[in-house]
Every structure is written in structure tokens, then in C-alpha cells.
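Chemist: Next up is a structure, given as C-alpha cells.
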Amino acid sequence: MEPPAEVVHWMFGVGFVFLGLCLLAEAIVGAEVWRRRRWRAYLWPGIAFLMGIFMWPVMVFYTSSAIHMLAHSAWAQVMMLVGAAQLGLVRGKLHNQLWELTLPLALVVSGLAFLIHEQNPWFFSRSAFLHHALGWTLLAGSVVCLGRAAQPRSPVFNAGFAVMIVAVAALLFCDRNVAPIFGHLSPLAGAR
Amino acid sequence: MDAELVRQRARARARHSWRNTAVSALGPLTALVGLVWALVQPYRVTLLDPDKHTFWYLAIQPPLLVILVGVVFHFWVVPGLIADLEEVEEGKA
């Protein structure tokens with residue numbers, strides 16, 4: 001009764017869309033207004049932490065190789081780290097703004113995990129293409145997040161981060177277990 | 001004097017800021033994207049052909065879920081955010 005892998009990707013896509021909307025709204029109104037209600041301040045860090053928790057069963061039930069398992073556990077850990085660090089910052093338990101650097105760190109680790117564990121070239125299959133695209137999107141996003149950590153009030157960096165999260169959601173929604181990409185599908189990709 | 005203040009506040013409320021408009025548009029735009037997606041790829045809406053699909057494909061239908069996210073965001077997050085935004089903007093005015 002386990003959901004197919006592509007369905008799991010779509011479920012995470014839904015989480016990323018909501019996350020992206022929250023971040024976009026925060027970028028538009030500014031952190032001062034967004035954090036006027038306590039529950040709203042906890043919303044996106046809480047979602048990030050929750051998605052990190054949900055990544056663990058994905059690691060256990062959906063990985064077919066050691067490198068695949070390591071990549072999923074890396075995503076689980078960094079999502080929980082970012083969620084926890086942001087929760088600590090908005091709650092006031094953490095004071096050092098260097099904790100903001102957990103976000104670019106998480107994106108670098110996630111991006112590298114995508115690129116390293118995908119051992120096929122871009123046009124091997126849709127899944128391979130998406131792994132490469134997600135990896136480079138996250139690495140580019142880490143640069144935006146570094147800017148965001150340096151200038152937390154910058155609407156450009158905040159909106160850039162939100163748009164990157166929405167892009168991740170769109171890429172996750174494109175995932176299929178086995179499907180061609182721009183007409184390319186390797187015969188080794190497992191298509192029947 | 002009081003009447004003038006009331007009129008000024010009413011005018012301020014009527015003149016929504018671009019932030020107010022942008023935040024209010026996020027949910028409907030998201031739902032619209034989901035709707036367009038459902039029209040472009042109707043096979044993604046498995047409820048249209050329920051006998052052909054298993055439980056998970058019926059439960060998780062990305063275009064409908066994107067519409068749902070837009071609706072939830074619009075009715076759960078946006079109203080309080082708009083109220084807080086107006087409060088802050090009126091305070092600054």
C-alpha cells in the first residue's frame with residue numbers, strides 16, 4: 001500500500017508550493033508584518049522541519065542503493081536543521097544570526113546530494129534530468145540565500161529564495177517513475 | 001474634526017497598497033495555475049476516470065492539490081496578514 005515514488009515527489013511538491021507562498025508573502029509584506037502573529041512566524045520553519053521528518057520514511061522505504069539512501073538522509077537532516085534553526089531564531093532561543101547560514105548550507109548539501117547521487121547524464125530519462133536541474137537550482141539558490149543571510153531585509157533576496165522554492169515544487173511535480181525528457185529516454189532507463 | 005479623521009481612514013482603507021494587492025493575489029493566482037494545469041493535462045485529474053486508477057493516484061492529483069494549496073493559503077493565511085498589514089500601514093500614515 002506504499003504510494004508510488006512519483007506520487008511521493010508530488011506530495012513533497014505540495015509542501016514546497018505552500019512553503020513558497022509563505023515565503024513570497026513574507027517577502028512582500030516584510031518580516032515585521034509577517035511575524036506579528038506568532039503562529040505565522042513559525043509556519044514556514046515548521047513546514048520545513050515537518051518535511052524533514054517525512055523524508056526519513058522516504059529514505060527507509062524508497063531507496064534502492066546506498067548512495068540513494070545517503071542522499072535522502074542528507075535532505076532529511078538539512079531540512080530538519082534549517083527548520084529547527086529558523087524556529088530557534090524566530091522564538092528567540094537562538095540569538096546569533098550566523099544560524100541563518102544553515103539555510104545556504106542546507107541548499108549546498110541538498111544540491112550536491114542531487115548531483116552526486118544521479119549517476120546518469122541529463123537526457124537519460126526525465127528523472128535524471130530533474131535530478132540535475134534540481135541540483136543546480138539548489139546550488140544557485142544557495143548563493144541567493146547567502147545574500148539573504150547578509151541582507152535579511154532585502155526584498156530581492158527574499159523573493160528570490162521564495163521563487164527558488166516554487167521552482168523546486170514545479171520540478172518535483174514534473175517527476176515520473178519512467179518517462180522521456182524532450183523526446184529522450186535511454187533503453188537502459190527501465191521502460192517497458 | 002472626528003468626521004474628517006473618519007473620512008481619511010476610510011480613504012486610506014479604500015486605497016489598497018500594492019503589497020495588499022500582491023498578497024491578496026497569491027492564493028487566487030496559485031489556484032488559477034492549478035486550474036490551467038488541469039485543463040492542459042486533464043489526464044492528471046484522475047477523478048475524471050476513477051476506474052482506471054489506484055488509490056494513491058486518486059488521492060494525490062497535483063493540479064487539484066495546487067488549487068487546494070491556493071485556497072487554503074488565501075482563506076487561512078491571507079486574512080490575518082492583510083489585517084496586520086493595514087494596521088501597520090495606517091500606523092505609518
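Residues are named by chain letter and number: chains run A, B, ... in the order of the C-alpha cells, numbers start at 1 in each chain, and ligands are numbered from 1 in the order shown.
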Taking only C-alpha atoms into account, report as a PyMOL selection string which residues of chain B lie within 10 Å of chain A.
Modeler: chain B and resi 18-20+22-24+26-27+30+54-57+59-63+65-66+68-70+72-74+77-78+80-89
Chemist: Report as a PDB file with C-alpha atoms, in the first residue's frame all protein, DNA and RNA residues lying within 9 Å of Ala128 (chain A), evaluated on only C-alpha atoms, omitting residues in the same chain fewer than 6 positions from it.
Modeler:
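Okay, around38.pdb is ready:
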```pdb
ATOM      1  CA  GLU A 118      22.398  10.995 -10.004  1.00  0.00           C
ATOM      2  CA  GLN A 119      24.906   8.969 -11.962  1.00  0.00           C
ATOM      3  CA  ASN A 120      23.218   9.210 -15.360  1.00  0.00           C
ATOM      4  CA  PRO A 121      23.535  12.099 -17.838  1.00  0.00           C
ATOM      5  CA  TRP A 122      20.895  14.843 -18.235  1.00  0.00           C
ATOM      6  CA  ILE A 181      12.620  14.126 -21.391  1.00  0.00           C
TER       7      ILE A 181
END
```
Chemist: Hey, can you check how far CA of Leu58 (chain B) sits from CA of Arg44 (chain B)?
Modeler: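 Those two atoms sit 9.6 Å apart.
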Chemist: What does the structure give for the distance between CA of Ala179 (chain A) and CA of Arg126 (chain A), in Å to one decimal?
Modeler: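 Separation between CA of Ala179 (chain A) and CA of Arg126 (chain A): 5.5 Å.
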Chemist: Determine which residues of chain A receive a DSSP assignment of alpha helix (DSSP H), computed from the backbone, and state them as a PyMOL selection string.
Modeler: chain A and resi 5-29+31-34+38-62+66-91+102-117+126-150+155-173
Chemist: Would you compute the distance between CA of Gly83 (chain A) and CA of Val33 (chain B)? Give it in Å to one decimal.
Modeler: 27.7 Å
Chemist: Find the spatial neighbours of region 182-188 of chain A, counting only C-alpha atoms, within a cut-off of 6 Å - ignore same-chain residues fewer than 6 positions away - and output them as a PyMOL selection string.
Modeler: chain A and resi 123-125
Chemist: Give the answer as one residue: which of A:Leu98, A:Val166, A:Leu146, A:Leu171 has the shortest atom-to-atom distance to His132 (chain A), using only C-alpha atoms?
Modeler: A:Leu171
